[in-house]
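> Attaching a single structure in structure tokens format; questions to follow.
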Amino acid sequence: MALLSKVVPLVIFFIVLTVAASIGYAVYTIATDVAEKTSKKMEKKNISFGKDGMKIGIKEVRNENYVDQTQSLLVKAWNYSSWPAYKSRFWNKENEPPQKAQARTPFSRSASSGKAKA
């Protein structure tokens with residue numbers, strides 16, 4: 001009986017220690033798996049983590065390609081835009097009849113005051 005009372009607490013201690021170690025191992029493996037998957041996804045976006053810190057890679061774009069892309073966007077925007085009510089003063093005048101200049105009324109104080117005289 002004395003031997004059994006000394007062994008039971010030792011067995012319970014090892015069981016609790018085994019459960020705590022297995023829970024700790026499961027948490028560790030999940031954390032490392034999440035970190036590894038996140039690192040792989042970030043490397044696809046040219047971001048890497050190292051001992052020096054985070055490094056961001058920049059995709060190289062040559063000046064000629066940059067200018068071509070910008071010019072094509074501007075040309076597309078120009079082609080898709082329309083100004084239906086716009087008429088230029090300088091071109092496309094052959095279809096319009098010539099306009100007469102309108103006579104301007106001279107300035108008078110009664111007209112500008114807003115009060116009408118009866």
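Lettering and numbering for the structure tokens are positional, with chains as A, B, ... in the shown order, residues counted from 1 in each chain, and ligands counted from 1 in the shown order.
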List as an mmCIF file with C-alpha atoms, in the first residue's frame the protein and nucleic acid residues near Ile56 (chain A), meaning an atom at most 9 Å away when only C-alpha atoms are counted, but skip any in the same chain fewer than 2 places from it.

```
data_model
loop_
_atom_site.group_PDB
_atom_site.id
_atom_site.type_symbol
_atom_site.label_atom_id
_atom_site.label_comp_id
_atom_site.auth_asym_id
_atom_site.auth_seq_id
_atom_site.Cartn_x
_atom_site.Cartn_y
_atom_site.Cartn_z
ATOM 1 C CA LYS A 45 4.541 38.776 -54.451
ATOM 2 C CA ASN A 46 8.306 39.559 -54.294
ATOM 3 C CA ILE A 47 8.355 40.029 -50.514
ATOM 4 C CA SER A 48 10.776 37.941 -48.466
ATOM 5 C CA PHE A 49 11.585 37.706 -44.766
ATOM 6 C CA MET A 54 11.738 42.209 -44.739
ATOM 7 C CA ILE A 58 10.673 45.440 -57.429
#
```
> Name the residues of region 4-83 of chain A that come out as alpha helix (DSSP H) in a backbone DSSP run; write them as number ranges by chain.
A: 4-44, 63-80
> For the strand (DSSP E or B) assignment from backbone DSSP, which residues of region 21-50 of chain A qualify? Please present them as a PyMOL selection string.
chain A and resi 47-50
> Using CA of Asp33 (chain A) and CA of Lys55 (chain A) as the two end points, give the distance in Å to one decimal.
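Atom-to-atom, CA of Asp33 (chain A) and CA of Lys55 (chain A) are spaced 21.2 Å apart.
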